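Engineer: This is the structure I have questions about; it appears just below.
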2 protein chains.
Amino acid sequence: MQISELSDRSGLTVQTIKFYIREELLPKGSAASSTRSEYDDRHLERLRLIRALREVGDLPVAAIKRIVSAVDDDKIGMHELFGTTQHALGPHVLPPDDPHWRAARQDVDALIRELGWRVAGGAPARDLLAQTFVALRRLGFPITLTDLRPYVKAAHDVAEHEIGRVTGDAPRSRTVHSMLVSTVLYEQVLTALHRLAQEDASARRYDAD
Amino acid sequence: MQISELSDRSGLTVQTIKFYIREELLPKGSAASSTRSEYDDRHLERLRLIRALREVGDLPVAAIKRIVSAVDDDKIGMHELFGTTQHALGPHVLPPDDPHWRAARQDVDALIRELGWRVAGGAPARDLLAQTFVALRRLGFPITLTDLRPYVKAAHDVAEHEIGRVTGDAPRSRTVHSMLVSTVLYEQVLTALHRLAQEDASARRYDAD
DNA sequence: AGTCCTGGATAGTGTTGGTATCCAGCCAAG
DNA sequence: CTTGGCTGGATACCAACACTATCCAGGACT
C-alpha cells in the first residue's frame, strides 16, 4: 500500500501522515526504494487509533505518542498501560502549593481510602477531582459526601461493566485497543449521555411546553 | 476595590484581568478617575466563575463570553441558558458529510427518541455521541444498545440528582451559577470518578498484587 | 519521454491565551 | 509639594500546538 492509499483509507491527508511519522506516532513504512515505502494494515489500524484519540479523546499529539509507545512495548502489562493512559488524559496542570488545594487533595485521598478503591497515589484523576473541589468551594458550592454518592455509584457501575468488556483471550493488540477504547472513547460516551440526560431533566423542570 | 486587590483575591494577574475586560468576559470597573476604577464583589465573583470555567471546564474564552452574556441577560430563562452552555461545551467540530456519520447520527436520534428524552435537535451532545459511534465502529468495536444501557442509566440517575440540586428560590445569579456548576463542574466530577473507578477495576482485574 | 507520486527536509500558518512594555495621569505618604 | 507606586489604555510580543505548504530529486508507471 502506498501512502496515498493509506491517506484515502484513513481519511487523513498525506501531509498529516508524514507529520505523524515525524512525530513517531506512526512507524515508517518499509522502504521499497529510496522514494517509495510500503504500508500495511497495521499502519492503517494505527492511524485509525490515532485519529480516534485525537478527534474523540482530544488528546495532544505528545500524549498519544506516549500511549502508542507503551502499546508497542510487549513488556508493558495491561494495568501499567492503564496508568500510562490515565497520565495521558491529564490534567496537565500541576497543582499549586496552596493550602486550599492541599486540603481538597486530602479530601480526595480520604474518599478513595474510604471507598477502598485501589488507585495509584500519583493518579492524575486525583488532582482532577481535587481541582473541582477547590473550584466548587471558591464559588460557594462546597461539595459534600452526600452530593458525591450518586456520582460514585454511577462511576463504579460503569467501570465495572467496562472492565468486564475488555477482551481477555485475544491477541495483545486487540486487548490493548479494547482497553484504550474503554477508557478514552467510552469516557466520551458517558459525557455525551450525561449532557443529554441533563438537557432532558432541564426540559422537564423548566420548560413546561 | 482596586484592580490589584481584585488580582490578589481572584488569584489572577492584573494583566489577565485586563485581558478578560478587553475580551468582554468581565465588565469594566466604575471609573473613579481617568486612571482609577472601582471594582466590587460582583467582579470578584465573576472572575471566580471565569476561572472555574477555564481551568476546570477547559472552556475557550470565546465560549465563556457567550455564557456570561447569557447570564447577564435577564430575559434569558434557565432552560435557554442550559442550551447556551451545552453549545459552549462543544464539540466545536462540525460533522463531515459522510454516510457513516449520518448513520451514526441517526442511531443517536433513534436512541434519544426511544428513551423519550426531550433534547433539542441541534444539541451538540448528539454530535459528540455520534462521533464516538463512528470512531468505535472504525476501530472494530461497534457499539450496541446493550453496551449503552449502563451508561444511559448512570447518566440519567446523575442528571436527575443534579437537576434537583439546582436552587429554585434564590436570586437569579445564584440559581444561574448553580446551574453552570452542575453542568460544567460536576461533569468533571463524574469524569474524574469514572477514571478512578476504572483504575480500581483494572487493579482488581490485572494487578494480582 | 513524460507525467505522477514519493520520501525527506524545511519553512510557514492560524488559533489560542495570555504576557510584557510603555505611557501618562493620578493619589497618598512623607 | 515632591516622590514613588499604582492605574487605565494601547500595542506589541510570545509560546505552544497541530498541522500545511513547498521544494527537491529520485523513481515508477504508461
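Just remember, in the C-alpha cells the first chain shown is A, the second B, etc., residues are 1-based per chain, and ligands are 1-based in the order shown.
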Please list as a PyMOL selection string every residue within 8 Å of stretch 5-19 of chain C, counting only C-alpha atoms (C1' of nucleotides) and excluding residues in the same chain fewer than 5 positions away.

Structural biologist: (chain A and resi 34-36) or (chain B and resi 15-16+19) or (chain D and resi 13-14+20-21)

Engineer: Show me, as a list in words, the residues of chain D whose atoms get within 10 Å of chain B, using only C-alpha atoms (C1' of nucleotides) for the distance check.

Structural biologist: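 Putting it all together, I get DC6, DT7, DG8 and DG9 of chain D.
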
Engineer: Generate a file of the selected residues that holds C-alpha atoms (C1' of nucleotides), formatted as a compact mmCIF listing (two decimals), in the first residue's frame.

Structural biologist:
# COMPACT_ATOMS: atom_id res chain seq x y z
C1' DC D 6 -0.32 52.07 41.15
C1' DT D 7 -3.64 52.75 37.33
C1' DG D 8 -6.27 52.57 32.58
C1' DG D 9 -5.48 52.02 27.92

Engineer: Work out how far apart atom CA of B:His156 and atom CA of B:Leu185 are and give it in Å to one decimal.

Structural biologist: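 Separation of atom CA of B:His156 and atom CA of B:Leu185: 17.1 Å.
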
Engineer: Find the residues of chain B that sit at most 7 Å from chain A; for each, write down the nearest two atoms and how far apart they are in Å, to one decimal. Count only C-alpha atoms. Sort by chain, then by number going up, and give it as JSON lines.

Structural biologist:
{"residue": "B:Arg48", "atom": "CA", "partner": "A:Leu139", "partner_atom": "CA", "distance": 6.5}
{"residue": "B:Leu49", "atom": "CA", "partner": "A:Leu139", "partner_atom": "CA", "distance": 6.9}
{"residue": "B:Ala52", "atom": "CA", "partner": "A:Ala135", "partner_atom": "CA", "distance": 5.7}
{"residue": "B:Val56", "atom": "CA", "partner": "A:Thr132", "partner_atom": "CA", "distance": 6.3}
{"residue": "B:Met78", "atom": "CA", "partner": "A:Tyr206", "partner_atom": "CA", "distance": 6.8}
{"residue": "B:His79", "atom": "CA", "partner": "A:Tyr206", "partner_atom": "CA", "distance": 5.8}
{"residue": "B:Trp117", "atom": "CA", "partner": "A:Asp200", "partner_atom": "CA", "distance": 5.3}
{"residue": "B:Arg118", "atom": "CA", "partner": "A:Asp200", "partner_atom": "CA", "distance": 4.7}
{"residue": "B:Val119", "atom": "CA", "partner": "A:Asp200", "partner_atom": "CA", "distance": 5.6}
{"residue": "B:Ala125", "atom": "CA", "partner": "A:Ala192", "partner_atom": "CA", "distance": 5.2}
{"residue": "B:Leu128", "atom": "CA", "partner": "A:Ala192", "partner_atom": "CA", "distance": 6.1}
{"residue": "B:Leu129", "atom": "CA", "partner": "A:Ala192", "partner_atom": "CA", "distance": 5.6}
{"residue": "B:Gln131", "atom": "CA", "partner": "A:Val56", "partner_atom": "CA", "distance": 6.9}
{"residue": "B:Thr132", "atom": "CA", "partner": "A:Val56", "partner_atom": "CA", "distance": 6.3}
{"residue": "B:Ala135", "atom": "CA", "partner": "A:Ala52", "partner_atom": "CA", "distance": 5.7}
{"residue": "B:Leu139", "atom": "CA", "partner": "A:Arg48", "partner_atom": "CA", "distance": 6.5}
{"residue": "B:Pro150", "atom": "CA", "partner": "A:Val158", "partner_atom": "CA", "distance": 6.1}
{"residue": "B:Tyr151", "atom": "CA", "partner": "A:Leu190", "partner_atom": "CA", "distance": 5.8}
{"residue": "B:Val152", "atom": "CA", "partner": "A:Leu193", "partner_atom": "CA", "distance": 6.4}
{"residue": "B:Ala154", "atom": "CA", "partner": "A:Ala154", "partner_atom": "CA", "distance": 4.8}
{"residue": "B:Ala155", "atom": "CA", "partner": "A:His194", "partner_atom": "CA", "distance": 4.5}
{"residue": "B:His156", "atom": "CA", "partner": "A:Ala197", "partner_atom": "CA", "distance": 5.3}
{"residue": "B:Val158", "atom": "CA", "partner": "A:Pro150", "partner_atom": "CA", "distance": 6.1}
{"residue": "B:Ala159", "atom": "CA", "partner": "A:Gln198", "partner_atom": "CA", "distance": 5.0}
{"residue": "B:Glu160", "atom": "CA", "partner": "A:Ala201", "partner_atom": "CA", "distance": 6.3}
{"residue": "B:Ile163", "atom": "CA", "partner": "A:Ala201", "partner_atom": "CA", "distance": 6.4}
{"residue": "B:Leu185", "atom": "CA", "partner": "A:Thr132", "partner_atom": "CA", "distance": 6.3}
{"residue": "B:Val189", "atom": "CA", "partner": "A:Leu129", "partner_atom": "CA", "distance": 5.9}
{"residue": "B:Leu190", "atom": "CA", "partner": "A:Tyr151", "partner_atom": "CA", "distance": 5.8}
{"residue": "B:Ala192", "atom": "CA", "partner": "A:Ala125", "partner_atom": "CA", "distance": 5.2}
{"residue": "B:Leu193", "atom": "CA", "partner": "A:Ala155", "partner_atom": "CA", "distance": 5.8}
{"residue": "B:His194", "atom": "CA", "partner": "A:Ala155", "partner_atom": "CA", "distance": 4.5}
{"residue": "B:Arg195", "atom": "CA", "partner": "A:Ala125", "partner_atom": "CA", "distance": 6.4}
{"residue": "B:Leu196", "atom": "CA", "partner": "A:Ala125", "partner_atom": "CA", "distance": 6.3}
{"residue": "B:Ala197", "atom": "CA", "partner": "A:His156", "partner_atom": "CA", "distance": 5.3}
{"residue": "B:Gln198", "atom": "CA", "partner": "A:Ala159", "partner_atom": "CA", "distance": 5.0}
{"residue": "B:Glu199", "atom": "CA", "partner": "A:Val119", "partner_atom": "CA", "distance": 5.9}
{"residue": "B:Asp200", "atom": "CA", "partner": "A:Arg118", "partner_atom": "CA", "distance": 4.7}
{"residue": "B:Ala201", "atom": "CA", "partner": "A:Glu160", "partner_atom": "CA", "distance": 6.3}
{"residue": "B:Ser202", "atom": "CA", "partner": "A:His79", "partner_atom": "CA", "distance": 6.1}
{"residue": "B:Ala203", "atom": "CA", "partner": "A:Arg118", "partner_atom": "CA", "distance": 6.4}
{"residue": "B:Tyr206", "atom": "CA", "partner": "A:His79", "partner_atom": "CA", "distance": 5.8}
{"residue": "B:Asp207", "atom": "CA", "partner": "A:His79", "partner_atom": "CA", "distance": 6.4}

Engineer: Please produce a file of the residues just selected, as a PDB file, in the first residue's frame, where the atoms kept are C-alpha atoms.

Structural biologist:
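part13.pdb, written as the output of this step:
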ATOM      1  CA  ARG B  48     -14.077  33.133  40.064  1.00  0.00           C
ATOM      2  CA  LEU B  49     -16.690  31.837  37.671  1.00  0.00           C
ATOM      3  CA  ALA B  52     -13.630  27.741  37.112  1.00  0.00           C
ATOM      4  CA  VAL B  56     -11.801  23.113  35.384  1.00  0.00           C
ATOM      5  CA  MET B  78     -32.974  28.818  32.823  1.00  0.00           C
ATOM      6  CA  HIS B  79     -33.564  26.233  30.147  1.00  0.00           C
ATOM      7  CA  TRP B 117     -35.675  12.212  26.305  1.00  0.00           C
ATOM      8  CA  ARG B 118     -36.533  15.789  25.498  1.00  0.00           C
ATOM      9  CA  VAL B 119     -33.413  17.019  23.793  1.00  0.00           C
ATOM     10  CA  ALA B 125     -24.066  16.386  22.549  1.00  0.00           C
ATOM     11  CA  LEU B 128     -20.490  14.199  20.296  1.00  0.00           C
ATOM     12  CA  LEU B 129     -22.167  10.836  20.797  1.00  0.00           C
ATOM     13  CA  GLN B 131     -18.736  10.965  16.701  1.00  0.00           C
ATOM     14  CA  THR B 132     -17.815   8.306  19.232  1.00  0.00           C
ATOM     15  CA  ALA B 135     -14.839   6.072  15.839  1.00  0.00           C
ATOM     16  CA  LEU B 139     -11.834   0.675  15.268  1.00  0.00           C
ATOM     17  CA  PRO B 150     -25.379   1.038  31.907  1.00  0.00           C
ATOM     18  CA  TYR B 151     -24.246   4.415  30.588  1.00  0.00           C
ATOM     19  CA  VAL B 152     -27.783   5.551  29.972  1.00  0.00           C
ATOM     20  CA  ALA B 154     -25.798   6.176  35.076  1.00  0.00           C
ATOM     21  CA  ALA B 155     -26.268   9.381  33.099  1.00  0.00           C
ATOM     22  CA  HIS B 156     -29.970   9.504  33.867  1.00  0.00           C
ATOM     23  CA  VAL B 158     -26.871  11.507  37.946  1.00  0.00           C
ATOM     24  CA  ALA B 159     -28.735  14.103  35.905  1.00  0.00           C
ATOM     25  CA  GLU B 160     -31.863  13.522  37.927  1.00  0.00           C
ATOM     26  CA  ILE B 163     -31.476  18.991  38.476  1.00  0.00           C
ATOM     27  CA  LEU B 185     -18.014  21.345  37.129  1.00  0.00           C
ATOM     28  CA  VAL B 189     -16.503  15.277  38.945  1.00  0.00           C
ATOM     29  CA  LEU B 190     -18.174  12.455  37.082  1.00  0.00           C
ATOM     30  CA  ALA B 192     -12.693  12.054  37.489  1.00  0.00           C
ATOM     31  CA  LEU B 193     -14.618   9.474  39.498  1.00  0.00           C
ATOM     32  CA  HIS B 194     -15.082   7.400  36.373  1.00  0.00           C
ATOM     33  CA  ARG B 195     -11.332   7.326  35.823  1.00  0.00           C
ATOM     34  CA  LEU B 196     -10.671   6.465  39.436  1.00  0.00           C
ATOM     35  CA  ALA B 197     -13.248   3.682  39.363  1.00  0.00           C
ATOM     36  CA  GLN B 198     -11.700   2.340  36.176  1.00  0.00           C
ATOM     37  CA  GLU B 199      -8.282   2.256  37.744  1.00  0.00           C
ATOM     38  CA  ASP B 200      -9.668   0.379  40.715  1.00  0.00           C
ATOM     39  CA  ALA B 201     -11.398  -2.101  38.454  1.00  0.00           C
ATOM     40  CA  SER B 202      -8.242  -2.532  36.409  1.00  0.00           C
ATOM     41  CA  ALA B 203      -6.188  -3.097  39.546  1.00  0.00           C
ATOM     42  CA  TYR B 206      -4.995  -7.285  36.244  1.00  0.00           C
ATOM     43  CA  ASP B 207      -2.867  -6.450  39.203  1.00  0.00           C
TER      44      ASP B 207
END

Engineer: Tell me, as a VMD selection string, which residues lie within 12 Å of D:DT2, counting only C-alpha atoms (C1' of nucleotides); anything in the same chain fewer than 6 positions away does not count.

Structural biologist: chain C and resid 28 to 30

Engineer: I need the residues in stretch 4-153 of chain A that are helix (DSSP H, G or I) according to DSSP; give them as a VMD selection string.

Structural biologist: chain A and resid 4 to 10 14 to 22 41 to 56 61 to 71 78 to 89 99 to 115 124 to 138 145 to 153
